[in-house]
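Next comes upload.txt, a file with compact mmCIF, C-alpha atoms.
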```txt
# COMPACT_ATOMS: atom_id res chain seq x y z
CA PRO A 1 -32.20 9.24 -10.30
CA THR A 2 -33.34 9.87 -6.76
CA LYS A 3 -32.36 12.85 -4.69
CA ALA A 4 -30.00 10.71 -2.59
CA SER A 5 -28.19 9.41 -5.67
CA GLN A 6 -27.75 12.98 -6.90
CA THR A 7 -26.08 14.14 -3.69
CA THR A 8 -23.99 11.06 -2.97
CA PRO A 9 -21.56 10.14 -5.80
CA ARG A 10 -21.33 6.48 -6.68
CA THR A 11 -17.98 4.75 -6.66
CA TYR A 12 -17.30 2.29 -9.48
CA LYS A 13 -14.98 -0.64 -9.87
CA ILE A 14 -13.75 -1.91 -13.21
CA ARG A 15 -14.42 -5.50 -14.25
CA ILE A 16 -13.26 -6.47 -17.74
CA THR A 17 -14.62 -9.71 -19.15
CA PRO A 18 -11.99 -11.78 -21.02
CA ASP A 19 -14.16 -12.36 -24.12
CA ARG A 20 -14.67 -8.68 -24.91
CA VAL A 21 -12.62 -5.86 -26.42
CA LEU A 22 -12.83 -2.35 -25.03
CA GLY A 23 -13.86 0.39 -27.41
CA PRO A 24 -13.52 4.20 -27.52
CA LEU A 25 -16.75 4.88 -25.62
CA ASP A 26 -15.64 2.57 -22.83
CA MET A 27 -12.30 4.30 -22.43
CA ASP A 28 -13.93 7.74 -22.46
CA ARG A 29 -16.21 6.61 -19.64
CA VAL A 30 -13.24 5.31 -17.67
CA LYS A 31 -11.38 8.59 -18.13
CA GLN A 32 -14.37 10.53 -16.85
CA LEU A 33 -14.66 8.38 -13.74
CA VAL A 34 -10.91 8.54 -13.08
CA ALA A 35 -10.94 12.32 -13.40
CA LYS A 36 -13.75 12.51 -10.84
CA GLY A 37 -11.95 10.14 -8.44
CA ARG A 38 -14.81 7.65 -8.59
CA ILE A 39 -12.87 4.48 -9.43
CA LEU A 40 -11.37 2.30 -6.75
CA GLY A 41 -7.68 1.59 -7.07
CA ASP A 42 -7.72 -2.19 -6.74
CA GLU A 43 -10.36 -4.61 -7.95
CA PRO A 44 -10.71 -7.62 -5.60
CA THR A 45 -9.72 -10.69 -7.58
CA ALA A 46 -9.44 -14.40 -6.98
CA ILE A 47 -6.07 -13.77 -5.30
CA PRO A 48 -6.36 -11.90 -1.96
CA PRO A 49 -4.03 -8.92 -1.42
CA PHE A 50 -1.74 -10.60 1.10
CA ALA A 51 -1.54 -13.74 -1.02
CA MET A 52 -0.47 -11.61 -3.96
CA VAL A 53 2.21 -9.95 -1.81
CA ALA A 54 3.41 -13.37 -0.64
CA ILE A 55 3.70 -14.70 -4.20
CA ARG A 56 5.36 -11.54 -5.46
CA PHE A 57 8.07 -11.39 -2.85
CA ALA A 58 8.60 -15.15 -2.76
CA ALA A 59 9.46 -15.05 -6.46
CA ALA A 60 11.60 -11.93 -6.11
CA GLY A 61 13.32 -13.26 -2.99
CA ALA A 62 14.11 -16.58 -4.63
CA ALA A 63 15.61 -14.79 -7.63
CA MET A 64 17.70 -12.55 -5.37
CA LEU A 65 18.85 -15.56 -3.35
CA LEU A 66 20.13 -17.25 -6.49
CA LEU A 67 21.87 -14.03 -7.51
CA THR A 68 23.55 -13.48 -4.15
CA ALA A 69 24.62 -17.13 -4.03
CA VAL A 70 26.62 -16.44 -7.19
CA VAL A 71 27.87 -12.86 -6.85
CA ALA A 72 27.84 -12.29 -3.06
CA ARG A 73 28.57 -15.71 -1.63
CA ARG A 74 31.02 -14.41 0.95
CA ALA A 75 28.53 -11.89 2.35
CA LEU A 76 25.85 -14.58 2.42
CA ARG A 77 28.07 -16.93 4.40
CA SER A 78 29.07 -14.23 6.88
CA LEU A 79 25.52 -13.44 7.92
CA THR A 80 24.85 -13.20 11.65
CA ARG A 81 21.63 -13.95 13.46
CA ALA A 82 21.25 -10.29 14.37
CA GLN A 83 21.52 -9.27 10.72
CA ILE A 84 18.95 -11.84 9.63
CA ARG A 85 16.59 -10.81 12.44
CA ASP A 86 16.88 -7.07 11.78
CA GLN A 87 16.49 -7.34 8.02
CA ALA A 88 13.50 -9.65 8.48
CA ILE A 89 11.86 -7.01 10.68
CA VAL A 90 12.51 -4.39 8.03
CA GLY A 91 11.06 -6.65 5.33
CA VAL A 92 7.86 -7.26 7.28
CA ALA A 93 7.44 -3.56 8.10
CA LEU A 94 7.93 -2.42 4.50
CA ASN A 95 6.46 -5.22 2.44
CA VAL A 96 3.64 -6.41 4.69
CA GLY A 97 2.84 -3.41 6.86
CA GLY A 98 3.43 -1.01 3.98
CA LEU A 99 2.50 -2.63 0.67
CA GLY A 100 0.31 -5.49 1.85
CA VAL A 101 -1.83 -3.45 4.22
CA THR A 102 -2.21 -0.75 1.57
CA SER A 103 -3.47 -3.29 -0.97
CA PHE A 104 -5.91 -4.66 1.57
CA GLY A 105 -7.23 -1.21 2.45
CA GLU A 106 -7.61 -0.18 -1.19
CA GLN A 107 -10.34 -2.75 -1.63
CA THR A 108 -12.76 -0.41 0.12
CA ILE A 109 -11.05 2.98 0.02
CA PRO A 110 -11.03 5.06 -3.21
CA SER A 111 -7.69 5.67 -4.90
CA GLY A 112 -7.81 9.43 -4.38
CA VAL A 113 -8.22 9.10 -0.61
CA THR A 114 -5.54 6.40 -0.51
CA ALA A 115 -3.03 8.59 -2.32
CA LEU A 116 -3.83 11.46 0.02
CA LEU A 117 -3.27 9.39 3.16
CA ILE A 118 -0.12 7.71 1.84
CA ALA A 119 1.25 11.22 1.33
CA LEU A 120 1.36 11.48 5.13
CA LEU A 121 4.56 9.43 5.07
CA PRO A 122 6.91 12.44 5.60
CA ILE A 123 4.79 13.50 8.58
CA TRP A 124 5.03 10.05 10.15
CA VAL A 125 8.79 9.98 9.58
CA ALA A 126 9.20 13.33 11.34
CA VAL A 127 6.94 12.29 14.24
CA LEU A 128 8.65 8.91 14.67
CA GLY A 129 12.06 10.55 14.55
CA ARG A 130 11.02 12.86 17.35
CA VAL A 131 9.22 10.31 19.54
CA VAL A 132 11.59 7.36 19.14
CA TYR A 133 14.96 8.94 18.45
CA GLY A 134 14.59 12.40 19.96
CA ASP A 135 15.14 14.30 16.72
CA ARG A 136 14.47 18.01 16.94
CA ILE A 137 11.52 19.31 14.94
CA ALA A 138 11.82 22.93 13.86
CA PRO A 139 8.84 25.18 14.75
CA LEU A 140 7.97 25.73 11.11
CA THR A 141 8.04 21.97 10.50
CA ALA A 142 5.74 21.42 13.48
CA VAL A 143 3.27 23.92 12.04
CA GLY A 144 3.38 22.18 8.67
CA ILE A 145 2.73 18.80 10.31
CA ALA A 146 -0.26 20.17 12.23
CA VAL A 147 -1.74 21.83 9.16
CA GLY A 148 -1.24 18.67 7.10
CA ILE A 149 -2.98 16.46 9.66
CA VAL A 150 -5.91 18.86 10.03
CA GLY A 151 -6.25 19.14 6.25
CA VAL A 152 -6.33 15.38 5.76
CA ALA A 153 -8.86 15.01 8.59
CA ILE A 154 -11.13 17.53 6.88
CA LEU A 155 -10.82 15.90 3.47
CA VAL A 156 -11.63 12.37 4.65
CA SER A 157 -14.37 13.38 7.08
CA PRO A 158 -17.88 12.24 6.04
CA ARG A 159 -19.17 15.64 7.15
CA THR A 160 -17.55 17.25 4.11
CA GLY A 161 -20.30 15.84 1.89
CA GLY A 162 -18.66 12.62 0.72
CA ALA A 163 -19.72 9.10 1.54
CA ALA A 164 -18.51 7.59 4.80
CA LEU A 165 -15.33 5.54 4.44
CA ASP A 166 -14.97 1.97 5.56
CA PRO A 167 -13.36 2.12 9.06
CA LEU A 168 -11.16 -0.95 8.61
CA GLY A 169 -9.96 0.13 5.17
CA LEU A 170 -9.27 3.64 6.45
CA ALA A 171 -7.32 2.27 9.41
CA CYS A 172 -5.21 0.14 7.04
CA ILE A 173 -4.39 3.09 4.79
CA LEU A 174 -3.44 5.19 7.83
CA PHE A 175 -1.28 2.42 9.26
CA SER A 176 0.65 1.58 6.08
CA PRO A 177 2.75 4.79 5.84
CA LEU A 178 3.42 4.54 9.57
CA SER A 179 4.76 1.02 9.12
CA TRP A 180 6.79 1.97 6.06
CA GLY A 181 8.25 5.05 7.73
CA GLY A 182 9.07 3.19 10.94
CA GLY A 183 10.75 0.36 9.06
CA SER A 184 12.75 2.78 6.92
CA ILE A 185 14.02 4.79 9.89
CA TRP A 186 14.89 1.70 11.90
CA SER A 187 16.74 0.12 8.98
CA GLN A 188 18.97 3.19 8.72
CA ARG A 189 19.60 3.80 12.42
CA ARG A 190 19.37 0.59 14.40
CA ALA A 191 19.23 -2.46 12.16
CA GLU A 192 22.40 -4.45 11.57
CA THR A 193 23.09 -4.65 7.84
CA PRO A 194 24.98 -7.33 5.91
CA ALA A 195 28.16 -6.38 4.10
CA ASP A 196 26.44 -6.65 0.73
CA PRO A 197 23.13 -4.74 0.35
CA ARG A 198 21.84 -7.39 -2.05
CA VAL A 199 21.83 -9.87 0.81
CA ALA A 200 19.77 -7.44 2.88
CA VAL A 201 17.24 -7.08 0.07
CA THR A 202 17.01 -10.85 -0.27
CA ILE A 203 16.22 -11.30 3.42
CA GLN A 204 13.66 -8.49 3.33
CA MET A 205 11.81 -9.99 0.37
CA LEU A 206 11.71 -13.49 1.78
CA ALA A 207 10.61 -12.18 5.19
CA GLY A 208 7.93 -10.08 3.52
CA SER A 209 6.62 -13.16 1.73
CA LEU A 210 6.46 -15.21 4.92
CA GLY A 211 4.91 -12.31 6.81
CA ALA A 212 2.19 -11.91 4.19
CA VAL A 213 1.34 -15.62 4.43
CA GLY A 214 0.81 -15.27 8.17
CA ALA A 215 -0.97 -11.91 8.06
CA PRO A 216 -4.28 -12.09 9.95
CA VAL A 217 -7.32 -11.08 7.90
CA PRO A 218 -10.67 -10.64 9.73
CA ASP A 219 -13.51 -12.83 8.46
CA GLY A 220 -15.80 -11.14 5.98
CA CYS A 221 -13.40 -8.32 5.24
CA GLY A 222 -12.19 -7.14 1.90
CA ALA A 223 -15.47 -7.06 0.01
CA SER A 224 -16.37 -3.69 -1.39
CA SER A 225 -19.90 -2.32 -1.56
CA ALA A 226 -19.15 -0.29 -4.69
CA SER A 227 -21.01 -0.96 -7.91
CA GLU A 228 -19.25 -2.72 -10.74
CA LEU A 229 -18.93 -1.17 -14.17
CA THR A 230 -18.52 -3.84 -16.82
CA LEU A 231 -16.79 -2.40 -19.84
CA THR A 232 -18.11 -4.51 -22.70
CA ARG A 233 -20.24 -2.05 -24.61
CA VAL A 234 -18.29 -1.34 -27.79
CA ARG A 235 -16.12 -3.65 -29.87
CA THR A 236 -13.27 -2.34 -32.06
```
Before we go any further, please render this structure as structure tokens.
Amino acid sequence: PTKASQTTPRTYKIRITPDRVLGPLDMDRVKQLVAKGRILGDEPTAIPPFAMVAIRFAAAGAAMLLLTAVVARRALRSLTRAQIRDQAIVGVALNVGGLGVTSFGEQTIPSGVTALLIALLPIWVAVLGRVVYGDRIAPLTAVGIAVGIVGVAILVSPRTGGAALDPLGLACILFSPLSWGGGSIWSQRRAETPADPRVAVTIQMLAGSLGAVGAPVPDGCGASSASELTLTRVRT
């Protein structure tokens, strides 16, 4: 190996061929790479991330709609436009801005960094509560927020010795907890909620599916430059 390859760790993705069976040596190799944080969380497949979110929540929303039509028909009939609008906003913020954008960003951002940035969710909730709703932040909480932000900035900085992160993927992972936190706070404080929570969940899922279908994806994005590790070496 060259000097550059020794100083810069390679990031692997897992591709399993359907006609092979994984053996013990394969799984040991996977465990080693996982322990070192060198495996990406999501392998790009034939189904793009937002398409997967759309299919997932379309199926779940349809199932919930059938359920509410049977067990919560009165609440379904009493829906107002404001309730539908507010729950749709919540669904897009959580399911598209939260889950969909995270899945998109994970195509180029390692799982360890993703988990670290998603852990910023409590910080975003506290900041949004202060900025939007005027919640008071205790001095000790403010210190914790500042330390947490500085720590994350140090860990993801390319100057710390790691490889530079994809800017678009990093922006997606930073945005997703902000969207999730904002949607969660707004659903509790401002959004009008149907009488039956199952109706609210139904609207959120269907709105998330529609939002994922219309999510803009820049051309040429989503392809990772990481090397693939094909696990087909040993048969059991």
d(atom CA of A:Val92, atom CA of A:Pro48) in Å |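 According to the coordinates, atom CA of A:Val92 and atom CA of A:Pro48 are separated by 17.6 Å.
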From atom CA of A:Ile149 to atom CA of A:Tyr133 the spacing works out at 21.3 Å
Closest of A:Val70, A:Ser184, A:Asn95, A:Val90 to A:Ala126 - atom-to-atom distances counting all atoms listed in the file | A:Ser184
Within 12 Å of A:Arg73, counting only C-alpha atoms, which residues qualify if same-chain residues fewer than 3 places away don't, as a PDB file with C-alpha atoms, in the coordinates of the input?
```pdb
ATOM      1  CA  MET A  64      17.700 -12.550  -5.370  1.00  0.00           C
ATOM      2  CA  LEU A  65      18.850 -15.560  -3.350  1.00  0.00           C
ATOM      3  CA  LEU A  66      20.130 -17.250  -6.490  1.00  0.00           C
ATOM      4  CA  LEU A  67      21.870 -14.030  -7.510  1.00  0.00           C
ATOM      5  CA  THR A  68      23.550 -13.480  -4.150  1.00  0.00           C
ATOM      6  CA  ALA A  69      24.620 -17.130  -4.030  1.00  0.00           C
ATOM      7  CA  VAL A  70      26.620 -16.440  -7.190  1.00  0.00           C
ATOM      8  CA  LEU A  76      25.850 -14.580   2.420  1.00  0.00           C
ATOM      9  CA  ARG A  77      28.070 -16.930   4.400  1.00  0.00           C
ATOM     10  CA  SER A  78      29.070 -14.230   6.880  1.00  0.00           C
ATOM     11  CA  LEU A  79      25.520 -13.440   7.920  1.00  0.00           C
ATOM     12  CA  PRO A 194      24.980  -7.330   5.910  1.00  0.00           C
ATOM     13  CA  ALA A 195      28.160  -6.380   4.100  1.00  0.00           C
ATOM     14  CA  ASP A 196      26.440  -6.650   0.730  1.00  0.00           C
ATOM     15  CA  ARG A 198      21.840  -7.390  -2.050  1.00  0.00           C
ATOM     16  CA  VAL A 199      21.830  -9.870   0.810  1.00  0.00           C
TER      17      VAL A 199
END
```
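Among the candidates A:Gly97, A:Gly129, A:Pro49, A:Gly181, the one nearest to A:Gly208 when counting all atoms listed in the file is A:Gly97.
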Non-local contacts of A:Met205 (8 Å; only C-alpha atoms; under 6 positions in same chain excluded) as an MDAnalysis selection string | chainID A and resid 57:58 60:61 91 95
Those residues with C-alpha atoms, as a PDB file, in the frame of the given file please?
```pdb
ATOM      1  CA  PHE A  57       8.070 -11.390  -2.850  1.00  0.00           C
ATOM      2  CA  ALA A  58       8.600 -15.150  -2.760  1.00  0.00           C
ATOM      3  CA  ALA A  60      11.600 -11.930  -6.110  1.00  0.00           C
ATOM      4  CA  GLY A  61      13.320 -13.260  -2.990  1.00  0.00           C
ATOM      5  CA  GLY A  91      11.060  -6.650   5.330  1.00  0.00           C
ATOM      6  CA  ASN A  95       6.460  -5.220   2.440  1.00  0.00           C
TER       7      ASN A  95
END
```
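Our summary of the geometry notes that atom CA of A:Val201 is positioned 8.0 Å from atom CA of A:Gln87.
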Between A:Leu117, A:Ala82, A:Val53, A:Val96, which has the minimum distance to A:Pro177 (counting all atoms listed in the file)?
-> A:Leu117
Shell of 12 Å around A:Leu174, only C-alpha atoms, local chain residues under 2 positions omitted, as a ChimeraX atom specification | /A:97-98,101-102,104-106,109,113-121,123-124,149,152-153,156,167-172,176-181
